[in-house]
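**Q** Following this message is one structure expressed as structure tokens.
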Amino acid sequence: MQNMVSLEGRTIVVTGAAQGIGKATSELAVALGARVVAVDLNQAGLDALAQALGKNVATYAGDVSDPKFVQGAIDDVSTRFGVVHGLVNNAGIIRPAMIEKMTLQQWNEVIAVHLTGAFLWTQAVGRRMIEAANAGGFAGGSIINISSVAGRGGSIGQINYAAAKAGLLGMTMSIAKEWARYNIRANSVCFGVVETPMTETIRGEKFRDGVLSRIPMGRWAQTDEVVKPICFLLSDAASYITGQHVPVDGGYLITV
């Protein structure tokens with residue numbers, strides 16, 4: 001039986017790949033036949049991922065918001081592997097503070113990683129995709145931006161994170177409109193609360209009951225279940241889907 005979400009023969013770039021959602025995305029993409037270009041600041045985490053997944057993973061350690069690192073990595077990837085077929089802009093950090101107490105540094109750090117980083121990787125990968133499309137024989141590309149319910153409904157104590165995630169929605173729609181003619185699709189996936197180290201505080205005793213009461217499914221998401229929509233959107237099964245924001249939140253948004 002044909003695998004409708006096969007990624008066989010695809011090269012997929014995943015940022016923030018050393019842990020959490022990025023790691024789980026990399027694992028599933030490889031299982032579906034892809035070669036994964038794993039990007040993260042955490043060299044040790046990348047080494048562990050490469051050891052687990054073997055020759056199907058190429059690792060690049062660096063700051064996702066550093067233009068020189070981004071361009072150098074994509075130039076090297078293109079030389080080694082040729083066309084890049086997919087990009088998952090997943091890298092993220094949190095620097096929580098109430099609005100009146102947030103420092104400019106806290107604001108800038110989050111915007112840099114989530115929003116500027118996603119722009120830089122999109123631009124670098126997209127240029128290569130466009131070159132391939134103009135040369136002929138390009139089957140198409142897929143760009144996935146990892147957003148959040150915070151980008152659609154706001155977040156107390158994380159105006160920087162919510163603003164960045166909202167910005168990714170606008171970025172997604174702009175990419176979809178500009179690059180559709182090259183058969184490059186762009187979509188965002190908007191997560192609720194996924195059980196990762198980044199969500200430890202919100203899942204803690206102080207906030208747990210209040211947050212869970214807003215999730216109709218009544219539980220936190222697991223990384224292995226939330227990455228399936230990402231790989232679906234990377235695959236040909238989503239060949240006519242672009243410019244969309246897919247909520248993967250257990251129903252959280254319908255209670256807002």
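Chain labels run A, B, ... following the order of the structure tokens; each chain numbers its residues from 1, and ligands are numbered from 1 in the order shown.
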Fewer than 3 positions away in the same chain doesn't count, so skip those; otherwise give me all residues within 7 Å of stretch 109-121 of chain A, counting only C-alpha atoms, as a list of chain:residue names.
**A**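 Those residues are A:Val64, A:Ser65, A:Pro67, A:Val70, A:Asn89, A:Ala91, A:Gly92, A:Ile93, A:Ile94, A:Arg95, A:Gln105, A:Gln106, A:Ala124, A:Val125, A:Asn160, A:Tyr161, A:Ala164, A:Gly167, A:Leu168.
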**Q** Would you mind exporting the chosen residues as an mmCIF file, in the first residue's frame, restricted to C-alpha atoms?
**A**
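To be explicit, this is the file written out as selection-v5.cif:
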data_model
loop_
_atom_site.group_PDB
_atom_site.id
_atom_site.type_symbol
_atom_site.label_atom_id
_atom_site.label_comp_id
_atom_site.auth_asym_id
_atom_site.auth_seq_id
_atom_site.Cartn_x
_atom_site.Cartn_y
_atom_site.Cartn_z
ATOM 1 C CA VAL A 64 19.701 30.313 14.098
ATOM 2 C CA SER A 65 19.523 34.122 14.114
ATOM 3 C CA PRO A 67 22.944 35.409 9.124
ATOM 4 C CA VAL A 70 22.503 30.392 8.256
ATOM 5 C CA ASN A 89 11.241 26.648 11.506
ATOM 6 C CA ALA A 91 13.785 26.795 17.044
ATOM 7 C CA GLY A 92 12.487 28.699 20.034
ATOM 8 C CA ILE A 93 13.263 30.076 23.478
ATOM 9 C CA ILE A 94 11.261 31.731 26.243
ATOM 10 C CA ARG A 95 12.168 34.755 28.354
ATOM 11 C CA GLN A 105 17.085 42.180 26.038
ATOM 12 C CA GLN A 106 14.339 39.679 26.921
ATOM 13 C CA ALA A 124 18.141 31.114 2.484
ATOM 14 C CA VAL A 125 16.245 27.887 1.791
ATOM 15 C CA ASN A 160 7.588 38.668 23.389
ATOM 16 C CA TYR A 161 6.718 35.030 22.658
ATOM 17 C CA ALA A 164 6.806 36.399 17.706
ATOM 18 C CA GLY A 167 4.401 37.338 13.453
ATOM 19 C CA LEU A 168 5.008 33.840 12.117
#
**Q** For A:Gly153, please output as a compact mmCIF listing (two decimals) with N, CA and C atoms, in the first residue's frame all residues within 9 Å (counting only C-alpha atoms; exclusion window: fewer than 3 positions along the same chain).
**A**
# COMPACT_ATOMS: atom_id res chain seq x y z
N SER A 148 1.91 29.01 17.69
CA SER A 148 1.36 28.64 18.99
C SER A 148 -0.01 29.28 19.16
N VAL A 149 -0.79 28.71 20.05
CA VAL A 149 -2.05 29.37 20.41
C VAL A 149 -1.79 30.75 21.01
N ALA A 150 -0.59 30.95 21.55
CA ALA A 150 -0.24 32.27 22.09
C ALA A 150 -0.21 33.32 21.00
N ALA A 162 4.39 35.71 22.40
CA ALA A 162 3.12 35.82 21.68
C ALA A 162 3.27 36.67 20.42
N ALA A 166 2.71 35.32 16.66
CA ALA A 166 1.74 35.99 15.79
C ALA A 166 2.42 36.44 14.50
N LEU A 253 -8.24 26.43 21.35
CA LEU A 253 -8.70 27.68 20.75
C LEU A 253 -10.21 27.84 20.72
N VAL A 256 -11.49 29.74 23.85
CA VAL A 256 -11.05 31.11 24.14
C VAL A 256 -12.19 32.10 23.93
**Q** I want to know what sits within 10 Å of A:Gln222, based on only C-alpha atoms, with residues of the same chain fewer than 2 positions away left out; could you give that as a ChimeraX atom specification?
**A** /A:20-21,24,193-196,219-220,224-227
**Q** Give the strand (DSSP E) residues of stretch 143-181 of chain A, as assigned by DSSP on the backbone, as a VMD selection string.
**A** chain A and resid 143 to 148
**Q** So, with only C-alpha atoms as the atoms that count, which of A:Met171, A:Ala17, A:Ile144, A:Ala50 lies closest to A:Leu234?
**A**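 Smallest separation from A:Leu234 among the options: A:Ile144.
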**Q** Can you list, as a ChimeraX atom specification, all residues belonging to stretch 112-228 of chain A that DSSP tags as alpha helix (DSSP H)?
**A** /A:117-135,150-153,159-179,208-212,223-228
**Q** Nearest residue to A:Gly22 out of A:Ala133, A:Ile159, A:Cys231, A:Ala186, using only C-alpha atoms?
**A** A:Cys231
**Q** For A:Ala238, work out the shell of residues within 10 Å, counting only C-alpha atoms and skipping chain neighbours fewer than 2 positions away, then give it as an mmCIF file with N, CA and C atoms, in the first residue's frame.
**A**
data_model
loop_
_atom_site.group_PDB
_atom_site.id
_atom_site.type_symbol
_atom_site.label_atom_id
_atom_site.label_comp_id
_atom_site.auth_asym_id
_atom_site.auth_seq_id
_atom_site.Cartn_x
_atom_site.Cartn_y
_atom_site.Cartn_z
ATOM 1 N N MET A 4 1.004 7.529 1.988
ATOM 2 C CA MET A 4 0.529 8.836 1.533
ATOM 3 C C MET A 4 1.384 9.992 2.037
ATOM 4 N N VAL A 5 2.121 9.792 3.115
ATOM 5 C CA VAL A 5 2.940 10.875 3.659
ATOM 6 C C VAL A 5 4.425 10.548 3.566
ATOM 7 N N SER A 142 8.177 22.754 0.738
ATOM 8 C CA SER A 142 7.226 23.013 1.814
ATOM 9 C C SER A 142 7.949 23.649 2.991
ATOM 10 N N ARG A 185 5.062 25.757 -0.945
ATOM 11 C CA ARG A 185 3.943 25.933 -0.024
ATOM 12 C C ARG A 185 4.462 26.382 1.339
ATOM 13 N N PRO A 229 1.260 16.081 12.124
ATOM 14 C CA PRO A 229 0.769 17.101 11.180
ATOM 15 C C PRO A 229 1.894 17.839 10.458
ATOM 16 N N CYS A 231 4.816 16.550 9.479
ATOM 17 C CA CYS A 231 5.285 15.698 8.383
ATOM 18 C C CYS A 231 4.229 15.540 7.299
ATOM 19 N N PHE A 232 2.957 15.574 7.683
ATOM 20 C CA PHE A 232 1.887 15.584 6.686
ATOM 21 C C PHE A 232 2.020 16.793 5.777
ATOM 22 N N LEU A 233 2.230 17.973 6.368
ATOM 23 C CA LEU A 233 2.341 19.196 5.587
ATOM 24 C C LEU A 233 3.609 19.233 4.739
ATOM 25 N N LEU A 234 4.629 18.510 5.144
ATOM 26 C CA LEU A 234 5.851 18.407 4.349
ATOM 27 C C LEU A 234 5.674 17.493 3.144
ATOM 28 N N SER A 235 4.704 16.612 3.207
ATOM 29 C CA SER A 235 4.549 15.565 2.206
ATOM 30 C C SER A 235 3.648 15.983 1.055
ATOM 31 N N ASP A 236 3.611 15.144 0.016
ATOM 32 C CA ASP A 236 2.736 15.403 -1.126
ATOM 33 C C ASP A 236 1.263 15.230 -0.790
ATOM 34 N N TYR A 240 -1.872 20.637 -2.018
ATOM 35 C CA TYR A 240 -2.730 21.773 -2.367
ATOM 36 C C TYR A 240 -3.117 22.578 -1.128
ATOM 37 N N ILE A 241 -2.292 22.493 -0.101
ATOM 38 C CA ILE A 241 -2.536 23.240 1.135
ATOM 39 C C ILE A 241 -1.426 24.257 1.312
ATOM 40 N N THR A 242 -1.773 25.530 1.363
ATOM 41 C CA THR A 242 -0.769 26.561 1.594
ATOM 42 C C THR A 242 -1.421 27.782 2.240
#
**Q** Tell me which of A:Ile175, A:Leu53, A:Ala38, A:Ala135 sits closest to A:Asn90, counting only C-alpha atoms.
**A**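 Answer, going by the shortest atom-to-atom distance: A:Ala38.
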**Q** Give me the residues near A:Gln244 as an mmCIF file with C-alpha atoms, in the first residue's frame, where near means some atom within 9 Å (using only C-alpha atoms) and where sequence neighbours in that chain fewer than 3 positions away do not count.
**A**
data_model
loop_
_atom_site.group_PDB
_atom_site.id
_atom_site.type_symbol
_atom_site.label_atom_id
_atom_site.label_comp_id
_atom_site.auth_asym_id
_atom_site.auth_seq_id
_atom_site.Cartn_x
_atom_site.Cartn_y
_atom_site.Cartn_z
ATOM 1 C CA LEU A 169 1.388 33.667 10.995
ATOM 2 C CA THR A 172 3.461 32.160 6.589
ATOM 3 C CA MET A 173 0.759 33.862 4.546
ATOM 4 C CA ALA A 176 2.461 31.382 0.501
ATOM 5 C CA ALA A 186 3.993 27.549 3.424
ATOM 6 C CA ASN A 187 1.880 26.650 6.430
ATOM 7 C CA SER A 188 2.054 27.122 10.174
ATOM 8 C CA VAL A 189 1.256 24.657 12.913
ATOM 9 C CA ILE A 241 -2.536 23.240 1.135
#
**Q** Expressed in Å to a single decimal, how great is the separation between atom CA of A:Gly9 and atom CA of A:Glu27?
**A**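 Distance reported for this atom pair: 15.2 Å.
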**Q** Taking 4 positions as the minimum chain separation for residues in the same chain, which residues sit within 9 Å of A:Ile12 when counting only C-alpha atoms? Answer as a list in words.
**A** Leu7, Ser26, Ala29, Ala34, Arg35, Val36, Val37, Ala38, Val84, His85, Gly86, Leu87, Val88 and Leu234 of chain A
**Q** Selected residues, N, CA and C atoms, written as a PDB file, in the first residue's frame, please.
**A**
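Ended up saving to again_10.pdb:
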ATOM      1  N   LEU A   7       8.227  10.703   2.744  1.00  0.00           N
ATOM      2  CA  LEU A   7       9.211  11.763   2.512  1.00  0.00           C
ATOM      3  C   LEU A   7      10.463  11.179   1.864  1.00  0.00           C
ATOM      4  N   SER A  26      12.415  15.347  13.555  1.00  0.00           N
ATOM      5  CA  SER A  26      13.540  14.744  12.847  1.00  0.00           C
ATOM      6  C   SER A  26      13.420  13.226  12.825  1.00  0.00           C
ATOM      7  N   ALA A  29      10.540  12.227  10.429  1.00  0.00           N
ATOM      8  CA  ALA A  29      10.895  12.498   9.035  1.00  0.00           C
ATOM      9  C   ALA A  29      11.860  11.443   8.501  1.00  0.00           C
ATOM     10  N   ALA A  34      13.132  10.574   4.834  1.00  0.00           N
ATOM     11  CA  ALA A  34      13.851  11.820   4.556  1.00  0.00           C
ATOM     12  C   ALA A  34      15.282  11.789   5.066  1.00  0.00           C
ATOM     13  N   ARG A  35      16.089  12.654   4.465  1.00  0.00           N
ATOM     14  CA  ARG A  35      17.363  13.026   5.054  1.00  0.00           C
ATOM     15  C   ARG A  35      17.109  14.316   5.812  1.00  0.00           C
ATOM     16  N   VAL A  36      17.522  14.377   7.073  1.00  0.00           N
ATOM     17  CA  VAL A  36      17.258  15.556   7.903  1.00  0.00           C
ATOM     18  C   VAL A  36      18.538  16.344   8.129  1.00  0.00           C
ATOM     19  N   VAL A  37      18.445  17.638   7.915  1.00  0.00           N
ATOM     20  CA  VAL A  37      19.505  18.577   8.268  1.00  0.00           C
ATOM     21  C   VAL A  37      19.094  19.187   9.597  1.00  0.00           C
ATOM     22  N   ALA A  38      19.749  18.747  10.661  1.00  0.00           N
ATOM     23  CA  ALA A  38      19.366  19.119  12.023  1.00  0.00           C
ATOM     24  C   ALA A  38      20.203  20.304  12.500  1.00  0.00           C
ATOM     25  N   VAL A  84      17.032  21.362  -1.401  1.00  0.00           N
ATOM     26  CA  VAL A  84      16.327  21.232  -0.127  1.00  0.00           C
ATOM     27  C   VAL A  84      14.833  21.254  -0.425  1.00  0.00           C
ATOM     28  N   HIS A  85      14.118  20.266   0.076  1.00  0.00           N
ATOM     29  CA  HIS A  85      12.694  20.130  -0.238  1.00  0.00           C
ATOM     30  C   HIS A  85      11.782  20.684   0.851  1.00  0.00           C
ATOM     31  N   GLY A  86      12.295  20.765   2.076  1.00  0.00           N
ATOM     32  CA  GLY A  86      11.435  21.199   3.172  1.00  0.00           C
ATOM     33  C   GLY A  86      12.203  21.912   4.260  1.00  0.00           C
ATOM     34  N   LEU A  87      11.501  22.785   4.980  1.00  0.00           N
ATOM     35  CA  LEU A  87      12.074  23.530   6.101  1.00  0.00           C
ATOM     36  C   LEU A  87      11.056  23.583   7.219  1.00  0.00           C
ATOM     37  N   VAL A  88      11.506  23.263   8.424  1.00  0.00           N
ATOM     38  CA  VAL A  88      10.664  23.389   9.614  1.00  0.00           C
ATOM     39  C   VAL A  88      11.323  24.402  10.546  1.00  0.00           C
ATOM     40  N   LEU A 234       4.629  18.510   5.144  1.00  0.00           N
ATOM     41  CA  LEU A 234       5.851  18.407   4.349  1.00  0.00           C
ATOM     42  C   LEU A 234       5.674  17.493   3.144  1.00  0.00           C
TER      43      LEU A 234
END
